[in-house]
>>> print(open('my_file-v1.tsv').read())   # TSV, C-alpha atoms and all ligand atoms
chain	number	residue	atom	x	y	z
P	414	MET	CA	0.00	0.00	0.00
P	415	LYS	CA	2.86	2.37	0.89
P	416	ARG	CA	4.38	1.67	-2.52
P	417	LEU	CA	1.08	2.50	-4.21
P	418	LEU	CA	0.89	5.75	-2.29
P	419	MET	CA	4.42	6.65	-3.32
P	420	THR	CA	3.50	5.90	-6.93
P	421	LEU	CA	0.47	8.16	-6.65
P	422	VAL	CA	2.59	10.94	-5.18
P	423	ILE	CA	5.17	10.60	-7.94
P	424	LEU	CA	2.49	10.53	-10.63
P	425	SER	CA	0.86	13.65	-9.29
P	426	LEU	CA	4.22	15.44	-9.04
P	427	GLY	CA	4.86	14.43	-12.63
P	428	THR	CA	1.52	15.86	-13.69
P	429	SER	CA	2.24	19.12	-11.90
P	430	ALA	CA	5.65	19.43	-13.54
P	431	ALA	CA	4.21	18.75	-16.98
P	432	PHE	CA	1.76	21.64	-16.59
P	433	ALA	CA	4.04	23.96	-14.67
P	434	GLN	CA	2.82	26.95	-16.65
P	435	ASP	CA	-0.63	26.45	-15.08
P	436	VAL	CA	0.68	26.47	-11.52
P	437	LYS	CA	-1.35	28.63	-9.23
P	438	ARG	CA	-2.26	29.15	-5.63
P	439	GLU	CA	-5.44	31.00	-4.81
P	440	ILE	CA	-8.22	31.40	-2.28
P	441	THR	CA	-11.82	31.99	-3.31
P	442	ARG	CA	-14.87	32.57	-1.16
P	443	VAL	CA	-17.48	30.05	-2.26
P	444	THR	CA	-20.37	31.24	-0.09
P	445	GLY	CA	-20.76	32.73	3.38
P	446	ASP	CA	-17.61	31.97	5.35
P	447	VAL	CA	-16.70	28.89	3.33
P	448	TYR	CA	-13.51	29.19	1.31
P	449	ARG	CA	-11.79	27.13	-1.37
P	450	PHE	CA	-8.00	26.99	-1.52
P	451	GLN	CA	-6.35	25.76	-4.71
P	452	ASN	CA	-2.69	24.75	-4.77
P	453	LYS	CA	-1.72	23.73	-8.30
P	454	PHE	CA	-4.03	20.76	-9.00
P	455	HIS	CA	-5.14	20.17	-5.43
P	456	VAL	CA	-7.94	21.89	-3.55
P	457	ASN	CA	-9.06	22.11	0.05
P	458	MET	CA	-11.79	23.89	1.99
P	459	PHE	CA	-11.63	26.05	5.11
P	460	VAL	CA	-14.42	27.64	7.11
P	461	VAL	CA	-14.43	30.65	9.45
P	462	THR	CA	-16.99	29.79	12.11
P	463	GLY	CA	-16.90	32.72	14.55
P	464	GLU	CA	-15.25	30.51	17.18
P	465	GLY	CA	-12.29	29.16	15.24
P	466	VAL	CA	-11.26	28.17	11.75
P	467	VAL	CA	-11.91	24.64	10.52
P	468	VAL	CA	-9.36	23.55	7.93
P	469	THR	CA	-9.09	20.42	5.81
P	470	ASP	CA	-6.36	18.57	3.90
P	471	PRO	CA	-3.05	20.46	4.18
P	472	ILE	CA	-2.02	19.17	0.70
P	473	ASN	CA	1.70	19.67	1.44
P	474	GLN	CA	3.96	21.59	3.83
P	475	GLU	CA	4.53	24.57	1.60
P	476	ALA	CA	0.82	24.88	0.75
P	477	ALA	CA	-0.25	24.61	4.40
P	478	ARG	CA	2.32	27.17	5.52
P	479	TRP	CA	1.12	29.61	2.86
P	480	LEU	CA	-2.53	28.97	3.68
P	481	LYS	CA	-2.03	29.51	7.43
P	482	ALA	CA	-0.50	32.93	6.73
P	483	GLU	CA	-3.35	33.83	4.37
P	484	ILE	CA	-6.02	32.74	6.87
P	485	ALA	CA	-4.42	35.08	9.42
P	486	LYS	CA	-5.08	37.94	6.98
P	487	ILE	CA	-8.79	36.98	6.79
P	488	THR	CA	-9.53	36.42	10.48
P	489	ASP	CA	-8.00	36.63	13.96
P	490	GLU	CA	-9.63	33.32	14.88
P	491	PRO	CA	-7.22	30.43	15.53
P	492	ILE	CA	-7.32	27.15	13.61
P	493	THR	CA	-9.22	24.86	15.96
P	494	HIS	CA	-10.11	21.84	13.79
P	495	LEU	CA	-8.39	19.89	11.02
P	496	ILE	CA	-10.41	17.38	8.99
P	497	TYR	CA	-8.61	14.85	6.79
P	498	SER	CA	-10.62	13.74	3.73
P	499	HIS	CA	-8.46	10.58	3.54
P	500	SER	CA	-4.86	9.52	4.04
P	501	HIS	CA	-3.40	9.71	0.52
P	502	GLY	CA	-0.14	11.62	0.72
P	503	ASP	CA	-0.88	14.12	-2.05
P	504	HIS	CA	-3.69	15.58	0.10
P	505	ALA	CA	-2.74	14.59	3.65
P	506	SER	CA	0.76	16.04	4.03
P	507	GLY	CA	2.04	19.01	6.02
P	508	GLY	CA	-0.63	19.28	8.73
P	509	THR	CA	1.99	20.26	11.32
P	510	GLU	CA	2.32	23.56	9.43
P	511	TYR	CA	-1.16	24.51	10.63
P	512	GLY	CA	0.31	24.71	14.15
P	513	ASP	CA	-0.93	23.09	17.31
P	514	VAL	CA	-4.48	22.27	16.18
P	515	PRO	CA	-6.47	20.92	19.16
P	516	ASN	CA	-8.97	18.84	17.15
P	517	VAL	CA	-7.84	16.49	14.40
P	518	ILE	CA	-10.55	14.45	12.72
P	519	ALA	CA	-10.17	11.41	10.46
P	520	HIS	CA	-12.00	8.21	9.61
P	521	ARG	CA	-11.57	5.13	11.80
P	522	ASN	CA	-9.55	3.39	9.06
P	523	ALA	CA	-7.01	6.21	8.66
P	524	PRO	CA	-3.53	5.12	9.75
P	525	GLU	CA	-2.31	5.89	13.26
P	526	ASP	CA	0.45	8.08	11.89
P	527	ILE	CA	-1.62	9.97	9.33
P	528	ASP	CA	0.53	12.91	8.29
P	529	LEU	CA	2.47	12.72	11.61
P	530	MET	CA	-0.71	13.95	13.30
P	531	GLU	CA	-2.63	11.98	15.88
P	532	PRO	CA	-6.37	12.15	15.25
P	533	THR	CA	-8.25	13.25	18.38
P	534	MET	CA	-11.58	12.17	16.90
P	535	ARG	CA	-12.38	9.22	14.67
P	536	PHE	CA	-15.71	7.91	13.47
P	537	ASP	CA	-17.20	4.93	11.64
P	538	ASP	CA	-20.18	5.82	9.43
P	539	LYS	CA	-21.39	9.31	10.25
P	540	THR	CA	-20.67	12.03	12.76
P	541	SER	CA	-21.24	15.74	13.14
P	542	PHE	CA	-19.98	18.56	15.29
P	543	THR	CA	-20.67	22.27	15.66
P	544	VAL	CA	-18.11	25.05	15.86
P	545	GLY	CA	-19.44	28.59	16.25
P	546	SER	CA	-22.16	29.14	13.66
P	547	LYS	CA	-21.33	26.09	11.53
P	548	THR	CA	-22.17	22.42	11.73
P	549	PHE	CA	-19.96	19.87	9.99
P	550	GLU	CA	-21.57	16.62	8.86
P	551	LEU	CA	-19.05	13.89	8.09
P	552	THR	CA	-19.94	10.76	6.13
P	553	TYR	CA	-17.76	7.73	5.43
P	554	LEU	CA	-17.91	6.87	1.73
P	555	GLY	CA	-16.92	3.22	2.12
P	556	PRO	CA	-14.10	1.43	0.29
P	557	GLY	CA	-13.26	2.26	-3.32
P	558	HIS	CA	-10.85	5.13	-3.72
P	559	GLY	CA	-8.88	4.21	-0.60
P	560	ASN	CA	-10.61	2.84	2.49
P	561	ASP	CA	-10.75	5.93	4.71
P	562	LEU	CA	-12.41	8.50	2.43
P	563	ILE	CA	-15.01	10.83	3.93
P	564	ALA	CA	-17.28	13.64	2.69
P	565	THR	CA	-17.75	16.82	4.73
P	566	VAL	CA	-20.90	18.96	4.42
P	567	VAL	CA	-21.02	22.41	6.06
P	568	ARG	CA	-24.34	23.77	7.36
P	569	PRO	CA	-26.07	26.13	7.02
P	570	ASP	CA	-24.05	26.90	3.87
P	571	ASP	CA	-24.78	23.49	2.29
P	572	VAL	CA	-21.28	23.11	0.90
P	573	ALA	CA	-19.80	19.64	0.39
P	574	PHE	CA	-16.06	18.97	0.36
P	575	VAL	CA	-15.36	15.73	-1.48
P	576	VAL	CA	-11.93	14.55	-2.58
P	577	ASP	CA	-11.01	12.13	-5.37
P	578	ALA	CA	-14.23	10.06	-5.41
P	579	VAL	CA	-15.81	12.48	-7.87
P	580	SER	CA	-14.90	15.93	-9.24
P	581	ALA	CA	-17.00	18.42	-11.19
P	582	LYS	CA	-16.67	18.08	-14.96
P	583	ARG	CA	-13.52	16.00	-14.75
P	584	LEU	CA	-12.68	12.42	-15.75
P	585	PHE	CA	-11.76	9.94	-13.05
P	586	TYR	CA	-8.16	9.51	-11.97
P	587	ARG	CA	-6.15	7.58	-14.54
P	588	ASP	CA	-6.95	3.81	-14.38
P	589	PHE	CA	-8.63	3.83	-10.94
P	590	PRO	CA	-5.29	2.64	-9.47
P	591	GLY	CA	-5.57	-0.20	-6.99
P	592	SER	CA	-9.33	0.21	-6.74
P	593	ASN	CA	-12.44	-1.90	-7.15
P	594	VAL	CA	-14.39	0.35	-9.54
P	595	ASP	CA	-17.79	-0.97	-8.44
P	596	HIS	CA	-16.92	0.08	-4.89
P	597	TRP	CA	-15.83	3.44	-6.28
P	598	ILE	CA	-19.23	3.80	-8.00
P	599	GLU	CA	-20.86	3.12	-4.61
P	600	GLN	CA	-18.82	5.98	-3.15
P	601	VAL	CA	-20.16	8.36	-5.82
P	602	LYS	CA	-23.70	7.15	-5.05
P	603	LYS	CA	-23.12	7.99	-1.38
P	604	VAL	CA	-22.00	11.50	-2.31
P	605	ASN	CA	-25.00	11.82	-4.62
P	606	ALA	CA	-27.31	10.92	-1.72
P	607	LEU	CA	-26.03	13.80	0.41
P	608	ASP	CA	-27.94	17.07	0.53
P	609	PHE	CA	-25.87	20.08	-0.57
P	610	ASP	CA	-25.78	22.96	-3.06
P	611	PHE	CA	-22.08	23.59	-3.68
P	612	LEU	CA	-19.40	20.98	-4.31
P	613	ILE	CA	-15.80	21.84	-3.48
P	614	GLY	CA	-13.83	19.00	-5.03
P	615	GLY	CA	-10.28	18.01	-4.10
P	616	HIS	CA	-9.59	18.66	-7.77
P	617	GLY	CA	-11.28	20.74	-10.44
P	618	PRO	CA	-13.71	23.65	-10.34
P	619	VAL	CA	-16.50	24.34	-7.86
P	620	GLY	CA	-19.56	22.28	-8.80
P	621	ASN	CA	-22.94	21.23	-7.50
P	622	LYS	CA	-25.20	18.22	-7.08
P	623	ARG	CA	-25.79	17.91	-10.82
P	624	ASP	CA	-22.04	17.46	-11.36
P	625	VAL	CA	-22.02	14.51	-8.97
P	626	ALA	CA	-25.00	12.95	-10.74
P	627	ALA	CA	-23.24	13.48	-14.08
P	628	GLY	CA	-20.09	11.81	-12.74
P	629	LEU	CA	-22.17	8.83	-11.71
P	630	VAL	CA	-23.75	8.61	-15.18
P	631	TYR	CA	-20.27	8.80	-16.74
P	632	LEU	CA	-19.08	5.85	-14.64
P	633	GLU	CA	-22.16	3.79	-15.40
P	634	GLU	CA	-21.90	4.49	-19.14
P	635	LEU	CA	-18.19	3.67	-19.11
P	636	ARG	CA	-18.86	0.42	-17.26
P	637	ALA	CA	-21.67	-0.62	-19.63
P	638	SER	CA	-19.65	0.18	-22.77
P	639	VAL	CA	-16.50	-1.60	-21.62
P	640	LEU	CA	-18.47	-4.62	-20.38
P	641	LYS	CA	-20.37	-4.89	-23.67
P	642	GLY	CA	-17.12	-4.68	-25.64
P	643	LEU	CA	-15.32	-7.28	-23.55
P	644	LYS	CA	-18.29	-9.65	-23.82
P	645	ALA	CA	-18.16	-9.19	-27.60
P	646	GLY	CA	-14.55	-10.37	-27.52
P	647	LYS	CA	-12.89	-7.00	-28.12
P	648	SER	CA	-9.40	-6.35	-26.80
P	649	VAL	CA	-8.66	-3.58	-24.33
P	650	ASP	CA	-6.69	-1.75	-27.04
P	651	GLU	CA	-9.72	-1.90	-29.35
P	652	LEU	CA	-11.92	-0.55	-26.58
P	653	LYS	CA	-9.53	2.33	-25.94
P	654	THR	CA	-10.25	3.40	-29.51
P	655	SER	CA	-13.97	2.63	-29.69
P	656	VAL	CA	-15.17	3.75	-26.24
P	657	THR	CA	-14.79	7.46	-26.93
P	658	MET	CA	-17.13	8.82	-24.21
P	659	ALA	CA	-17.44	11.67	-26.71
P	660	LYS	CA	-20.09	13.64	-24.89
P	661	TYR	CA	-17.57	14.21	-22.09
P	662	LYS	CA	-14.85	15.63	-24.35
P	663	ASP	CA	-15.11	19.04	-22.68
P	664	TRP	CA	-14.44	17.63	-19.21
P	665	GLY	CA	-11.05	18.09	-17.57
P	666	SER	CA	-8.35	15.49	-18.29
P	667	TYR	CA	-10.42	13.95	-21.13
P	668	ASP	CA	-7.42	13.73	-23.46
P	669	GLN	CA	-5.06	12.43	-20.76
P	670	TRP	CA	-7.29	9.98	-18.90
P	671	ARG	CA	-10.05	8.63	-21.18
P	672	GLU	CA	-8.03	5.64	-22.40
P	673	LEU	CA	-6.77	5.00	-18.86
P	674	ASN	CA	-10.36	5.08	-17.58
P	675	VAL	CA	-11.29	2.44	-20.19
P	676	GLN	CA	-8.25	0.35	-19.30
P	677	GLY	CA	-8.93	0.54	-15.57
P	678	MET	CA	-12.59	-0.37	-16.02
P	679	ALA	CA	-11.60	-3.37	-18.19
P	680	ARG	CA	-9.07	-4.51	-15.59
P	681	HIS	CA	-11.68	-4.24	-12.86
P	682	LEU	CA	-14.37	-6.10	-14.82
P	683	LYS	CA	-11.94	-8.97	-15.51
P	684	GLU	CA	-10.64	-9.09	-11.93
P	685	SER	CA	-14.13	-9.02	-10.45
P	686	GLY	CA	-15.32	-11.86	-12.66
P	687	ALA	CA	-17.93	-9.78	-14.51
P	688	VAL	CA	-16.32	-11.02	-17.71
P	689	TYR	CA	-13.85	-13.85	-18.45
P	701	ZN	ZN	-6.78	9.92	-2.95
>>> encode(input="my_file-v1.tsv", output="structure tokens", more="lines below")
Ligand SMILES: [Zn+2]
Amino acid sequence: MKRLLMTLVILSLGTSAAFAQDVKREITRVTGDVYRFQNKFHVNMFVVTGEGVVVTDPINQEAARWLKAEIAKITDEPITHLIYSHSHGDHASGGTEYGDVPNVIAHRNAPEDIDLMEPTMRFDDKTSFTVGSKTFELTYLGPGHGNDLIATVVRPDDVAFVVDAVSAKRLFYRDFPGSNVDHWIEQVKKVNALDFDFLIGGHGPVGNKRDVAAGLVYLEELRASVLKGLKAGKSVDELKTSVTMAKYKDWGSYDQWRELNVQGMARHLKESGAVY
């Protein structure tokens, strides 16, 4: 698993380097006191509650250090809570840069040494807590992309922060590395069942509920097309050509990841015994 994580980190560094001209770091206010922080291709959410700032994935040391300084320009409130979306190193690195955060929240399955931070609160299926004027509803998304991935919904703003399971108008990550894609689809269904207006994704632009539903349709269409092709005796290389998913050509990473999405779906369908 560690090796897989390292591979993911290296792949994402490679992607960043390849698009270095697009590198950016910016904070945008999504609604109310809910903010989106983008660091290159990674995004997190932070919320000013009136009684402390609730931050999420530090992304990396440099990003978290920069963000902490920027938050201090927005509010005098201290960072009181840190929520980890999951333990993958490209999102969950550098939390110590946030300072001595009294409340660190992660899923039960997150490793003991997540990001050198010791979670003070873990949960199994669902939990919620209130800080100042905001309530944070946390939901475990089940296995699929990792096994400790959670969604966070902020009330009363109705903003969801969801990482990696689904992003607005963006293809899914490469070949669904190391994942059971049917479990992954279940994760997207769980996100789709949540009640929210705005989606802050760990990648990609701000979206909404319709973007999650569209991501689910994409996955189901991809699965059906690849399954049909494999059952008809087509090779994976043939399917990479014929399964164009053309109506999604305007989505992010279409050119880079469409063939990998087909390949990963084919691998999963063979491994899971859906096709021989
Ligand atoms: Zn991840």
>>> residues_near_ligand(input="my_file-v1.tsv", ligand="ligand ZN 701 (chain P)", cutoff="8 Å", atoms="all atoms listed in the file", output="list in words")
His499, Ser500, His501, Gly502, Asp503, His504, His558, Gly559, Leu562, Val576, Asp577 and Ala578 of chain P
>>> residues_around(input="my_file-v1.tsv", residues="P:Arg680", least_positions_apart="5", cutoff="9 Å", atoms="all atoms listed in the file", output="number ranges by chain")
P: 588, 649, 675, 685
>>> atom_distance(input="my_file-v1.tsv", atom1="atom CA of P:Tyr689", atom2="atom CA of P:Gln600")
25.5 Å
>>> residues_around(input="my_file-v1.tsv", residues="P:Phe585", least_positions_apart="2", cutoff="10 Å", atoms="all atoms listed in the file", output="mmCIF file with C-alpha atoms, in the coordinates of the input")
data_model
loop_
_atom_site.group_PDB
_atom_site.id
_atom_site.type_symbol
_atom_site.label_atom_id
_atom_site.label_comp_id
_atom_site.auth_asym_id
_atom_site.auth_seq_id
_atom_site.Cartn_x
_atom_site.Cartn_y
_atom_site.Cartn_z
ATOM 1 C CA ASP P 577 -11.010 12.130 -5.370
ATOM 2 C CA ALA P 578 -14.230 10.060 -5.410
ATOM 3 C CA VAL P 579 -15.810 12.480 -7.870
ATOM 4 C CA SER P 580 -14.900 15.930 -9.240
ATOM 5 C CA LYS P 582 -16.670 18.080 -14.960
ATOM 6 C CA ARG P 583 -13.520 16.000 -14.750
ATOM 7 C CA ARG P 587 -6.150 7.580 -14.540
ATOM 8 C CA ASP P 588 -6.950 3.810 -14.380
ATOM 9 C CA PHE P 589 -8.630 3.830 -10.940
ATOM 10 C CA GLY P 628 -20.090 11.810 -12.740
ATOM 11 C CA TYR P 631 -20.270 8.800 -16.740
ATOM 12 C CA LEU P 632 -19.080 5.850 -14.640
ATOM 13 C CA GLY P 665 -11.050 18.090 -17.570
ATOM 14 C CA SER P 666 -8.350 15.490 -18.290
ATOM 15 C CA TYR P 667 -10.420 13.950 -21.130
ATOM 16 C CA TRP P 670 -7.290 9.980 -18.900
ATOM 17 C CA ARG P 671 -10.050 8.630 -21.180
ATOM 18 C CA LEU P 673 -6.770 5.000 -18.860
ATOM 19 C CA ASN P 674 -10.360 5.080 -17.580
#
>>> closest_residue(input="my_file-v1.tsv", among="P:Thr488, P:Asp571, P:Met530, P:Gly508", to="P:Thr444", atoms="all atoms listed in the file")
P:Asp571
>>> closest_residue(input="my_file-v1.tsv", among="P:Leu640, P:Val619, P:Ala645, P:Val544", to="P:Val456", atoms="all atoms listed in the file")
P:Val619
>>> closest_residue(input="my_file-v1.tsv", among="P:Leu629, P:Val461, P:Leu480, P:Ala581", to="P:His616", atoms="only C-alpha atoms")
P:Ala581
>>> atom_distance(input="my_file-v1.tsv", atom1="atom CA of P:Leu495", atom2="atom CA of P:Val467")
5.9 Å
>>> residues_near_point(input="my_file-v1.tsv", point="(-15.4, 3.0, 3.4)", cutoff="10 Å", atoms="only C-alpha atoms", output="VMD selection string")
chain P and resid 520 to 522 537 to 538 552 to 563 596 to 597 599 to 600
>>> residues_around(input="my_file-v1.tsv", residues="P:Val460", least_positions_apart="6", cutoff="9 Å", atoms="all atoms listed in the file", output="list in words")
Gly445, Asp446, Val447, Tyr448, Arg449, Val466, Val467, Val468, Lys547 and Val567 of chain P
>>> closest_residue(input="my_file-v1.tsv", among="P:Ser655, P:Asn621, P:Gln676, P:Thr493", to="P:Tyr586", atoms="all atoms listed in the file")
P:Gln676
>>> atom_distance(input="my_file-v1.tsv", atom1="atom CA of P:Phe574", atom2="atom CA of P:Glu475")
21.4 Å
>>> closest_residue(input="my_file-v1.tsv", among="P:Ile518, P:Ala477, P:Val639, P:Ala687", to="P:Pro532", atoms="all atoms listed in the file")
P:Ile518
>>> residues_near_point(input="my_file-v1.tsv", point="(-12.2, -0.8, -31.1)", cutoff="12 Å", atoms="all atoms listed in the file", output="number ranges by chain")
P: 638-639, 641-643, 645-657, 672, 675
>>> write_last_selection(input="my_file-v1.tsv", atoms="C-alpha atoms", output="CSV table (one decimal), in the frame of the given file")
chain,number,residue,atom,x,y,z
P,638,SER,CA,-19.6,0.2,-22.8
P,639,VAL,CA,-16.5,-1.6,-21.6
P,641,LYS,CA,-20.4,-4.9,-23.7
P,642,GLY,CA,-17.1,-4.7,-25.6
P,643,LEU,CA,-15.3,-7.3,-23.6
P,645,ALA,CA,-18.2,-9.2,-27.6
P,646,GLY,CA,-14.6,-10.4,-27.5
P,647,LYS,CA,-12.9,-7.0,-28.1
P,648,SER,CA,-9.4,-6.4,-26.8
P,649,VAL,CA,-8.7,-3.6,-24.3
P,650,ASP,CA,-6.7,-1.8,-27.0
P,651,GLU,CA,-9.7,-1.9,-29.4
P,652,LEU,CA,-11.9,-0.6,-26.6
P,653,LYS,CA,-9.5,2.3,-25.9
P,654,THR,CA,-10.2,3.4,-29.5
P,655,SER,CA,-14.0,2.6,-29.7
P,656,VAL,CA,-15.2,3.8,-26.2
P,657,THR,CA,-14.8,7.5,-26.9
P,672,GLU,CA,-8.0,5.6,-22.4
P,675,VAL,CA,-11.3,2.4,-20.2
>>> closest_residue(input="my_file-v1.tsv", among="P:Thr543, P:Asn457, P:Asn516, P:Gln669", to="P:Glu439", atoms="all atoms listed in the file")
P:Asn457
>>> decode(input="my_file-v1.tsv", residues="stretch 624-647 of chain P", atoms="N, CA and C atoms", output="mmCIF file, in the first residue's frame")
data_model
loop_
_atom_site.group_PDB
_atom_site.id
_atom_site.type_symbol
_atom_site.label_atom_id
_atom_site.label_comp_id
_atom_site.auth_asym_id
_atom_site.auth_seq_id
_atom_site.Cartn_x
_atom_site.Cartn_y
_atom_site.Cartn_z
ATOM 1 N N ASP P 624 -23.351 17.954 -10.919
ATOM 2 C CA ASP P 624 -22.043 17.455 -11.358
ATOM 3 C C ASP P 624 -21.757 16.066 -10.786
ATOM 4 N N VAL P 625 -22.212 15.845 -9.566
ATOM 5 C CA VAL P 625 -22.020 14.513 -8.969
ATOM 6 C C VAL P 625 -22.874 13.493 -9.718
ATOM 7 N N ALA P 626 -24.114 13.856 -9.986
ATOM 8 C CA ALA P 626 -24.997 12.953 -10.737
ATOM 9 C C ALA P 626 -24.413 12.658 -12.119
ATOM 10 N N ALA P 627 -23.839 13.676 -12.750
ATOM 11 C CA ALA P 627 -23.242 13.478 -14.078
ATOM 12 C C ALA P 627 -22.022 12.556 -13.995
ATOM 13 N N GLY P 628 -21.247 12.694 -12.935
ATOM 14 C CA GLY P 628 -20.090 11.809 -12.743
ATOM 15 C C GLY P 628 -20.524 10.361 -12.591
ATOM 16 N N LEU P 629 -21.629 10.170 -11.892
ATOM 17 C CA LEU P 629 -22.171 8.827 -11.714
ATOM 18 C C LEU P 629 -22.634 8.247 -13.056
ATOM 19 N N VAL P 630 -23.309 9.060 -13.854
ATOM 20 C CA VAL P 630 -23.752 8.610 -15.183
ATOM 21 C C VAL P 630 -22.535 8.252 -16.047
ATOM 22 N N TYR P 631 -21.496 9.074 -15.989
ATOM 23 C CA TYR P 631 -20.267 8.795 -16.737
ATOM 24 C C TYR P 631 -19.734 7.399 -16.378
ATOM 25 N N LEU P 632 -19.624 7.138 -15.076
ATOM 26 C CA LEU P 632 -19.078 5.853 -14.640
ATOM 27 C C LEU P 632 -19.952 4.691 -15.102
ATOM 28 N N GLU P 633 -21.259 4.875 -15.018
ATOM 29 C CA GLU P 633 -22.158 3.792 -15.400
ATOM 30 C C GLU P 633 -22.124 3.559 -16.906
ATOM 31 N N GLU P 634 -22.011 4.647 -17.678
ATOM 32 C CA GLU P 634 -21.900 4.492 -19.138
ATOM 33 C C GLU P 634 -20.571 3.844 -19.520
ATOM 34 N N LEU P 635 -19.512 4.261 -18.849
ATOM 35 C CA LEU P 635 -18.193 3.667 -19.109
ATOM 36 C C LEU P 635 -18.216 2.170 -18.806
ATOM 37 N N ARG P 636 -18.803 1.827 -17.664
ATOM 38 C CA ARG P 636 -18.860 0.415 -17.261
ATOM 39 C C ARG P 636 -19.643 -0.407 -18.288
ATOM 40 N N ALA P 637 -20.819 0.117 -18.692
ATOM 41 C CA ALA P 637 -21.673 -0.620 -19.631
ATOM 42 C C ALA P 637 -20.971 -0.797 -20.985
ATOM 43 N N SER P 638 -20.310 0.249 -21.461
ATOM 44 C CA SER P 638 -19.648 0.182 -22.773
ATOM 45 C C SER P 638 -18.473 -0.794 -22.755
ATOM 46 N N VAL P 639 -17.678 -0.725 -21.699
ATOM 47 C CA VAL P 639 -16.503 -1.604 -21.616
ATOM 48 C C VAL P 639 -16.957 -3.051 -21.425
ATOM 49 N N LEU P 640 -17.969 -3.263 -20.612
ATOM 50 C CA LEU P 640 -18.474 -4.617 -20.380
ATOM 51 C C LEU P 640 -19.024 -5.218 -21.680
ATOM 52 N N LYS P 641 -19.791 -4.415 -22.404
ATOM 53 C CA LYS P 641 -20.370 -4.885 -23.666
ATOM 54 C C LYS P 641 -19.253 -5.260 -24.649
ATOM 55 N N GLY P 642 -18.228 -4.420 -24.730
ATOM 56 C CA GLY P 642 -17.120 -4.679 -25.641
ATOM 57 C C GLY P 642 -16.343 -5.936 -25.268
ATOM 58 N N LEU P 643 -16.073 -6.094 -23.990
ATOM 59 C CA LEU P 643 -15.323 -7.281 -23.545
ATOM 60 C C LEU P 643 -16.125 -8.550 -23.820
ATOM 61 N N LYS P 644 -17.437 -8.481 -23.575
ATOM 62 C CA LYS P 644 -18.287 -9.653 -23.817
ATOM 63 C C LYS P 644 -18.347 -9.988 -25.299
ATOM 64 N N ALA P 645 -18.170 -8.965 -26.150
ATOM 65 C CA ALA P 645 -18.163 -9.190 -27.599
ATOM 66 C C ALA P 645 -16.792 -9.652 -28.088
ATOM 67 N N GLY P 646 -15.860 -9.830 -27.153
ATOM 68 C CA GLY P 646 -14.547 -10.365 -27.518
ATOM 69 C C GLY P 646 -13.538 -9.308 -27.956
ATOM 70 N N LYS P 647 -13.839 -8.046 -27.724
ATOM 71 C CA LYS P 647 -12.895 -6.999 -28.117
ATOM 72 C C LYS P 647 -11.713 -6.927 -27.134
#
